[in-house]
>>> print(open('protein-v2.txt').read())   # compact mmCIF, C-alpha atoms and all ligand atoms
# COMPACT_ATOMS: atom_id res chain seq x y z
CA MET A 1 26.43 -63.56 7.18
CA ILE A 2 30.14 -62.82 6.99
CA ILE A 3 32.09 -62.75 10.27
CA TYR A 4 35.16 -60.50 10.51
CA LYS A 5 37.57 -60.47 13.41
CA LYS A 6 40.05 -58.05 11.83
CA ALA A 7 39.16 -54.39 11.30
CA SER A 8 41.34 -54.24 8.16
CA GLU A 9 39.34 -57.03 6.49
CA LEU A 10 36.02 -55.50 7.55
CA TRP A 11 37.20 -52.14 6.18
CA ALA A 12 38.18 -53.61 2.81
CA TYR A 13 34.79 -55.30 2.45
CA LEU A 14 32.85 -52.18 3.45
CA GLN A 15 34.88 -49.94 1.12
CA GLN A 16 33.99 -52.26 -1.74
CA GLN A 17 30.29 -52.08 -0.80
CA LYS A 18 30.44 -48.28 -0.52
CA SER A 19 31.98 -48.04 -3.97
CA LEU A 20 28.82 -49.84 -5.17
CA GLN A 21 26.72 -47.11 -3.45
CA GLN A 22 25.48 -49.53 -0.79
CA THR A 23 24.42 -47.84 2.46
CA ILE A 24 25.83 -49.19 5.71
CA GLY A 25 23.80 -49.49 8.93
CA PHE A 26 25.65 -50.24 12.16
CA VAL A 27 24.38 -51.78 15.42
CA PRO A 28 27.06 -51.97 18.13
CA THR A 29 26.36 -54.46 20.94
CA MET A 30 28.01 -56.42 23.72
CA GLY A 31 26.26 -59.65 22.64
CA ALA A 32 23.95 -61.93 24.66
CA LEU A 33 21.42 -60.71 22.12
CA HIS A 34 17.71 -60.41 22.85
CA ALA A 35 14.68 -59.01 21.03
CA GLY A 36 15.77 -55.44 21.91
CA HIS A 37 19.02 -55.82 19.98
CA LEU A 38 17.24 -57.64 17.17
CA SER A 39 14.74 -54.78 16.78
CA LEU A 40 17.73 -52.54 15.98
CA ILE A 41 19.11 -55.06 13.47
CA LYS A 42 15.73 -55.35 11.76
CA LEU A 43 15.32 -51.57 11.58
CA SER A 44 18.79 -51.24 10.07
CA ALA A 45 18.09 -54.06 7.61
CA GLN A 46 14.97 -52.23 6.42
CA GLN A 47 16.85 -48.98 5.88
CA ASN A 48 20.28 -50.09 4.59
CA ALA A 49 21.74 -52.43 2.01
CA ILE A 50 24.30 -53.74 4.50
CA THR A 51 23.80 -54.13 8.24
CA VAL A 52 26.89 -54.54 10.40
CA CYS A 53 26.52 -55.73 14.00
CA SER A 54 29.48 -55.69 16.35
CA ILE A 55 29.74 -57.88 19.42
CA PHE A 56 32.44 -56.68 21.77
CA VAL A 57 32.31 -56.71 25.57
CA ASN A 58 34.24 -53.51 26.07
CA PRO A 59 36.40 -53.78 29.21
CA THR A 60 37.02 -50.02 29.46
CA GLN A 61 33.36 -49.20 30.14
CA PHE A 62 33.01 -51.56 33.11
CA ASN A 63 33.73 -49.76 36.35
CA ASN A 64 32.79 -52.94 38.27
CA PRO A 65 35.20 -55.86 37.52
CA ASP A 66 32.66 -58.38 38.83
CA ASP A 67 30.07 -57.13 36.32
CA LEU A 68 32.58 -57.61 33.48
CA LYS A 69 33.56 -61.09 34.70
CA HIS A 70 29.91 -62.24 34.79
CA TYR A 71 28.74 -60.49 31.63
CA PRO A 72 26.81 -63.19 29.68
CA VAL A 73 28.36 -64.61 26.48
CA THR A 74 26.09 -66.58 24.09
CA ILE A 75 27.91 -66.21 20.79
CA GLU A 76 26.55 -69.31 18.94
CA LYS A 77 22.98 -68.30 19.70
CA ASP A 78 23.75 -64.66 18.81
CA ILE A 79 25.01 -65.70 15.36
CA GLU A 80 21.83 -67.70 14.66
CA GLN A 81 19.63 -64.78 15.73
CA LEU A 82 21.58 -62.25 13.65
CA ILE A 83 21.22 -64.36 10.52
CA LYS A 84 17.45 -64.65 11.07
CA ALA A 85 17.12 -60.89 11.68
CA GLY A 86 18.78 -60.04 8.34
CA CYS A 87 22.28 -59.01 9.42
CA GLN A 88 24.95 -59.26 6.67
CA VAL A 89 28.13 -58.70 8.66
CA LEU A 90 29.18 -59.54 12.21
CA PHE A 91 32.30 -57.81 13.52
CA LEU A 92 33.75 -59.86 16.37
CA PRO A 93 37.02 -58.22 17.36
CA THR A 94 39.38 -59.23 20.16
CA VAL A 95 40.36 -56.73 22.85
CA ALA A 96 43.78 -56.36 21.16
CA GLU A 97 42.08 -55.48 17.86
CA ILE A 98 40.17 -52.60 19.46
CA TYR A 99 42.95 -51.57 21.87
CA PRO A 100 46.33 -52.50 20.34
CA ALA A 101 49.50 -52.05 22.38
CA ASN A 102 50.07 -48.59 20.86
CA TYR A 103 46.52 -47.40 21.67
CA LYS A 104 46.57 -44.13 23.59
CA PRO A 105 43.30 -43.22 25.33
CA ILE A 106 42.22 -39.64 24.79
CA TYR A 107 39.84 -37.59 26.92
CA TYR A 108 36.42 -36.92 25.41
CA ASN A 109 34.87 -33.67 26.59
CA ILE A 110 31.22 -34.67 26.89
CA GLY A 111 30.48 -32.00 29.47
CA LYS A 112 28.06 -32.60 32.34
CA LEU A 113 26.83 -35.86 30.81
CA GLU A 114 30.03 -37.44 32.07
CA SER A 115 29.29 -36.96 35.78
CA MET A 116 25.51 -36.96 36.07
CA LEU A 117 23.21 -39.99 36.68
CA GLU A 118 25.01 -43.05 35.23
CA GLY A 119 28.23 -41.06 35.19
CA GLN A 120 27.93 -40.35 38.91
CA TYR A 121 27.33 -43.99 39.83
CA ARG A 122 29.70 -45.48 37.23
CA PRO A 123 32.78 -43.23 37.19
CA GLY A 124 34.72 -43.53 33.94
CA HIS A 125 31.91 -45.47 32.25
CA PHE A 126 31.15 -42.92 29.55
CA GLN A 127 34.82 -42.32 28.74
CA GLY A 128 34.98 -46.09 28.11
CA VAL A 129 31.86 -45.91 25.94
CA CYS A 130 33.41 -43.04 23.95
CA GLN A 131 36.69 -44.93 23.53
CA VAL A 132 35.06 -48.01 22.07
CA MET A 133 32.56 -46.08 19.95
CA ASP A 134 35.31 -43.84 18.54
CA ARG A 135 37.24 -46.95 17.51
CA LEU A 136 34.18 -48.76 16.12
CA LEU A 137 32.84 -45.74 14.23
CA HIS A 138 36.21 -45.29 12.54
CA MET A 139 36.41 -49.00 11.70
CA VAL A 140 32.88 -49.22 10.24
CA ASP A 141 32.23 -45.62 9.19
CA PRO A 142 28.49 -46.25 8.76
CA ASP A 143 25.85 -44.04 7.15
CA ASN A 144 23.37 -44.93 9.88
CA LEU A 145 23.93 -45.82 13.51
CA TYR A 146 21.20 -47.51 15.58
CA LEU A 147 21.00 -47.29 19.37
CA GLY A 148 18.27 -48.17 21.86
CA GLN A 149 16.39 -45.62 23.97
CA LYS A 150 16.84 -48.06 26.87
CA ASP A 151 20.24 -46.41 27.36
CA TYR A 152 18.96 -42.84 27.15
CA GLN A 153 22.03 -41.09 28.53
CA GLN A 154 24.34 -43.26 26.41
CA CYS A 155 22.44 -42.13 23.29
CA MET A 156 23.10 -38.51 24.29
CA VAL A 157 26.78 -39.24 24.95
CA ILE A 158 27.23 -40.94 21.58
CA GLN A 159 25.44 -38.14 19.73
CA LYS A 160 27.90 -35.75 21.38
CA LEU A 161 30.82 -38.03 20.49
CA ILE A 162 29.74 -38.06 16.82
CA THR A 163 30.16 -34.28 16.83
CA LEU A 164 33.45 -34.43 18.76
CA ILE A 165 34.94 -36.76 16.11
CA ASN A 166 33.47 -34.57 13.38
CA LYS A 167 31.20 -37.19 11.85
CA GLN A 168 27.93 -35.31 12.40
CA ASP A 169 27.48 -34.76 8.65
CA THR A 170 28.08 -38.38 7.65
CA ILE A 171 26.62 -40.53 10.43
CA LEU A 172 22.91 -40.30 11.21
CA LEU A 173 21.92 -41.60 14.65
CA THR A 174 18.54 -43.31 14.99
CA ILE A 175 17.25 -44.07 18.47
CA ALA A 176 14.86 -47.01 18.55
CA PRO A 177 12.16 -47.67 21.18
CA THR A 178 12.86 -49.85 24.21
CA GLN A 179 11.64 -53.43 23.77
CA ARG A 180 9.98 -54.90 26.85
CA GLU A 181 8.91 -58.23 28.28
CA ALA A 182 5.14 -58.77 28.71
CA SER A 183 5.61 -57.66 32.34
CA GLY A 184 6.99 -54.30 31.15
CA LEU A 185 10.56 -55.15 32.19
CA ALA A 186 12.99 -53.62 29.68
CA MET A 187 14.86 -56.38 27.86
CA SER A 188 18.51 -56.51 28.91
CA SER A 189 21.35 -58.99 28.66
CA ARG A 190 21.70 -58.65 32.44
CA ASN A 191 18.14 -60.01 32.96
CA MET A 192 19.62 -63.47 32.24
CA ARG A 193 21.30 -63.26 35.62
CA LEU A 194 18.05 -62.68 37.56
CA SER A 195 16.24 -65.56 39.33
CA GLU A 196 12.54 -66.24 38.56
CA ALA A 197 11.52 -64.37 41.73
CA GLU A 198 13.80 -61.43 40.91
CA LEU A 199 12.47 -61.28 37.33
CA GLN A 200 8.96 -60.79 38.70
CA LYS A 201 10.09 -58.08 41.10
CA ALA A 202 12.10 -56.36 38.38
CA SER A 203 8.92 -55.33 36.56
CA THR A 204 8.40 -52.83 39.43
CA ILE A 205 10.85 -50.55 37.58
CA PHE A 206 8.46 -50.17 34.65
CA GLN A 207 5.48 -49.94 37.01
CA SER A 208 7.12 -47.08 38.91
CA LEU A 209 7.96 -45.27 35.65
CA THR A 210 4.39 -45.75 34.45
CA TYR A 211 3.11 -44.44 37.79
CA ILE A 212 5.18 -41.26 37.34
CA LYS A 213 3.83 -40.82 33.82
CA GLU A 214 0.22 -41.27 34.93
CA GLN A 215 0.59 -38.92 37.89
CA LEU A 216 2.73 -36.31 36.11
CA PHE A 217 0.23 -33.47 36.29
CA LYS A 218 -1.38 -34.57 39.56
CA ASN A 219 1.51 -34.36 42.04
CA PRO A 220 4.71 -32.33 42.48
CA LEU A 221 7.67 -33.97 40.72
CA SER A 222 9.61 -34.35 43.98
CA VAL A 223 6.70 -36.28 45.52
CA LEU A 224 6.50 -38.58 42.48
CA GLN A 225 10.22 -39.29 42.67
CA THR A 226 9.96 -40.16 46.38
CA GLN A 227 6.91 -42.36 45.84
CA ALA A 228 8.55 -44.27 42.97
CA THR A 229 11.71 -44.72 45.05
CA HIS A 230 9.63 -46.23 47.87
CA GLN A 231 7.84 -48.58 45.47
CA LEU A 232 11.22 -49.94 44.39
CA GLN A 233 12.66 -50.14 47.89
CA GLN A 234 9.60 -52.09 49.06
CA GLN A 235 10.45 -54.77 46.49
CA GLY A 236 14.02 -55.00 47.79
CA PHE A 237 15.76 -52.72 45.29
CA MET A 238 18.77 -50.61 46.23
CA VAL A 239 17.92 -47.39 44.39
CA ASP A 240 20.72 -45.28 42.87
CA TYR A 241 18.34 -42.73 41.40
CA VAL A 242 14.77 -42.08 40.32
CA THR A 243 14.72 -38.75 38.56
CA ILE A 244 12.46 -36.68 36.40
CA ALA A 245 14.75 -34.81 34.05
CA ASP A 246 14.80 -32.45 31.10
CA GLY A 247 14.79 -34.77 28.08
CA HIS A 248 17.39 -32.63 26.26
CA THR A 249 19.90 -31.94 29.05
CA LEU A 250 19.13 -34.61 31.69
CA GLU A 251 19.22 -31.88 34.33
CA SER A 252 16.72 -32.52 37.13
CA ALA A 253 13.37 -30.92 36.20
CA GLU A 254 11.42 -28.56 38.43
CA ASP A 255 8.32 -28.39 36.27
CA THR A 256 6.63 -30.06 33.29
CA ASN A 257 7.32 -27.34 30.71
CA GLY A 258 9.26 -29.10 27.95
CA LYS A 259 10.36 -32.65 27.17
CA ARG A 260 10.52 -34.70 30.36
CA VAL A 261 11.96 -38.17 30.91
CA ALA A 262 11.91 -40.30 34.04
CA LEU A 263 15.06 -42.35 34.59
CA VAL A 264 15.72 -45.13 37.07
CA ALA A 265 18.81 -47.07 38.14
CA ALA A 266 18.36 -49.70 40.83
CA THR A 267 20.00 -52.93 41.93
CA LEU A 268 18.21 -56.19 42.72
CA GLY A 269 20.45 -58.85 44.26
CA ASN A 270 23.73 -58.15 42.47
CA ILE A 271 22.18 -56.97 39.23
CA ARG A 272 22.01 -53.28 38.45
CA LEU A 273 19.20 -52.37 36.06
CA ILE A 274 18.37 -49.10 34.29
CA ASP A 275 15.27 -47.95 32.46
CA ASN A 276 13.53 -44.74 31.43
CA LEU A 277 10.24 -43.47 30.06
CA ILE A 278 9.51 -40.30 28.10
CA LEU A 279 6.70 -38.61 30.00
CA ASN A 280 5.19 -36.07 27.60
P1 LIG A 301 24.30 -53.58 24.81
O1 LIG A 301 24.54 -54.92 24.20
O2 LIG A 301 23.62 -53.64 26.15
O3 LIG A 301 25.52 -52.69 24.79
O4 LIG A 301 23.24 -52.85 23.88
C1 LIG A 301 23.48 -52.66 22.50
C2 LIG A 301 22.42 -51.74 21.95
O5 LIG A 301 21.13 -52.34 22.13
C3 LIG A 301 22.38 -50.39 22.66
O6 LIG A 301 22.15 -49.37 21.70
C4 LIG A 301 21.20 -50.54 23.58
O7 LIG A 301 20.58 -49.32 23.91
C5 LIG A 301 20.27 -51.40 22.75
N1 LIG A 301 19.32 -52.08 23.61
C6 LIG A 301 19.59 -52.77 24.75
N2 LIG A 301 18.44 -53.20 25.31
C7 LIG A 301 17.43 -52.75 24.53
C8 LIG A 301 16.00 -52.86 24.58
N3 LIG A 301 15.38 -53.50 25.57
N4 LIG A 301 15.28 -52.29 23.59
C9 LIG A 301 15.91 -51.62 22.57
N5 LIG A 301 17.24 -51.49 22.46
C10 LIG A 301 17.99 -52.05 23.42
>>> encode(input="protein-v2.txt", output="structure tokens")
Amino acid sequence: MIIYKKASELWAYLQQQKSLQQTIGFVPTMGALHAGHLSLIKLSAQQNAITVCSIFVNPTQFNNPDDLKHYPVTIEKDIEQLIKAGCQVLFLPTVAEIYPANYKPIYYNIGKLESMLEGQYRPGHFQGVCQVMDRLLHMVDPDNLYLGQKDYQQCMVIQKLITLINKQDTILLTIAPTQREASGLAMSSRNMRLSEAELQKASTIFQSLTYIKEQLFKNPLSVLQTQATHQLQQQGFMVDYVTIADGHTLESAEDTNGKRVALVAATLGNIRLIDNLILN
């Protein structure tokens, strides 16, 4: 695996590969890699000649400075895992490489996605996501981009961004299924910060989502949302939201006609976790 820290060197290498008709798959991450990330790398490796992974803890998407300060970094282990998973290129830029002194942030008009759900609880988060993804997509210019369904709203934001930067005809987004622990807990770099006892409790998120899915046609949606919220609160979670939403718009759903997704954000101790489940 080749490791690039400079976008110009990465670009030169990728241009050479493209001139040889090699397809490029891209998996952007913030590192502290787990089997969820590696499932994206493996999928890309199956579908592309060259898989590029980026590891960059993007400061502009953290609305909570404490979360940024404690974000796990396990770079040596990440490199080993990437090699095993079939990744050819790791892009490991510094903050100054992504945001040089002359970088001027622009506003990305992502509509309601900006202020609903994660956007409501993490103001500015999705503008930060768009900033880093705009930079990375221009630096890598992949044929295929791989994201995890775990971050459902983020997938929608990035699909919108691809259109905003006019790359909808050249970059194909693939959304891969959420990888889970045996308990059902969605894999996440932040799980590393949970104690043993908290890890056990954290599986309640998946249990509450599964409960909603099982009960979908048996109870009103508002009742299911309240019940799932109580299940989480009983385990000591601070719940930001439990919502049953339209899977295409993320607007709160009143009925079950159309694609529905249940989304949860809740904090255990100091660790905020999100998850979702497609219901039908
Ligand atoms: P992150 O490092 O958290 O920014 O995540 C990088 C990519 O991995 C994003 O596209 C995430 O949606 C995806 N990802 C994170 N956790 C999982 C998971 N448990 N299963 C599948 N993909 C995931």
>>> residues_around(input="protein-v2.txt", residues="region 74-90 of chain A", least_positions_apart="5", cutoff="6 Å", atoms="all atoms listed in the file", output="count of residues only")
11
>>> residues_around(input="protein-v2.txt", residues="Pro72 (chain A)", least_positions_apart="6", cutoff="12 Å", atoms="all atoms listed in the file", output="PyMOL selection string")
chain A and resi 30-34+55-57+66+78+188-194
>>> residues_around(input="protein-v2.txt", residues="Leu14 (chain A)", least_positions_apart="5", cutoff="10 Å", atoms="only C-alpha atoms", output="list in words")
Ser8, Glu9, Ser19, Leu20, Gln22, Thr23, Ile24, Ile50, Val52, Val89, Met139, Val140, Asp141 and Pro142 of chain A
>>> closest_residue(input="protein-v2.txt", among="A:Leu38, A:Ala228, A:Ala45, A:Ala245", to="ligand LIG 301 (chain A)", atoms="only C-alpha atoms and all ligand atoms")
A:Leu38
>>> residues_near_ligand(input="protein-v2.txt", ligand="ligand LIG 301 (chain A)", cutoff="7 Å", atoms="only C-alpha atoms and all ligand atoms", output="MDAnalysis selection string")
chainID A and resid 27:31 33 36:37 39:40 146:151 176:180 186:189
>>> closest_residue(input="protein-v2.txt", among="A:Leu161, A:Val73, A:Met238, A:Cys155", to="Ile175 (chain A)", atoms="all atoms listed in the file")
A:Cys155
>>> atom_distance(input="protein-v2.txt", atom1="CA of Ala262 (chain A)", atom2="CA of Gly247 (chain A)")
8.6 Å
>>> closest_residue(input="protein-v2.txt", among="A:Met156, A:Leu273, A:Ile278, A:Ile205", to="Gly184 (chain A)", atoms="all atoms listed in the file")
A:Ile205
>>> residues_around(input="protein-v2.txt", residues="Lys259 (chain A)", least_positions_apart="5", cutoff="12 Å", atoms="only C-alpha atoms", output="list in words")
Ile244, Ala245, Asp246, Gly247, His248, Thr249, Leu250, Glu251, Ser252, Ala253, Leu277, Ile278, Leu279 and Asn280 of chain A
>>> atom_distance(input="protein-v2.txt", atom1="CA of Ala7 (chain A)", atom2="CA of Gly25 (chain A)")
16.3 Å
>>> atom_distance(input="protein-v2.txt", atom1="CA of Tyr211 (chain A)", atom2="CA of Gln225 (chain A)")
10.0 Å
>>> closest_residue(input="protein-v2.txt", among="A:Asp275, A:Leu137, A:Leu232, A:Glu181", to="Gln154 (chain A)", atoms="all atoms listed in the file")
A:Asp275
>>> closest_residue(input="protein-v2.txt", among="A:Gln207, A:Asn166, A:Ser115, A:Asn257", to="His138 (chain A)", atoms="only C-alpha atoms")
A:Asn166
>>> axis_aligned_box(input="protein-v2.txt", around="region 264-273 of chain A", padding_each_side="3 Å", output="JSON")
{"center_x": 19.7, "center_y": -52.0, "center_z": 40.2, "size_x": 14.0, "size_y": 19.7, "size_z": 14.2}
>>> closest_residue(input="protein-v2.txt", among="A:Asn219, A:Asn270, A:Ser208, A:Thr256", to="Ser195 (chain A)", atoms="all atoms listed in the file")
A:Asn270
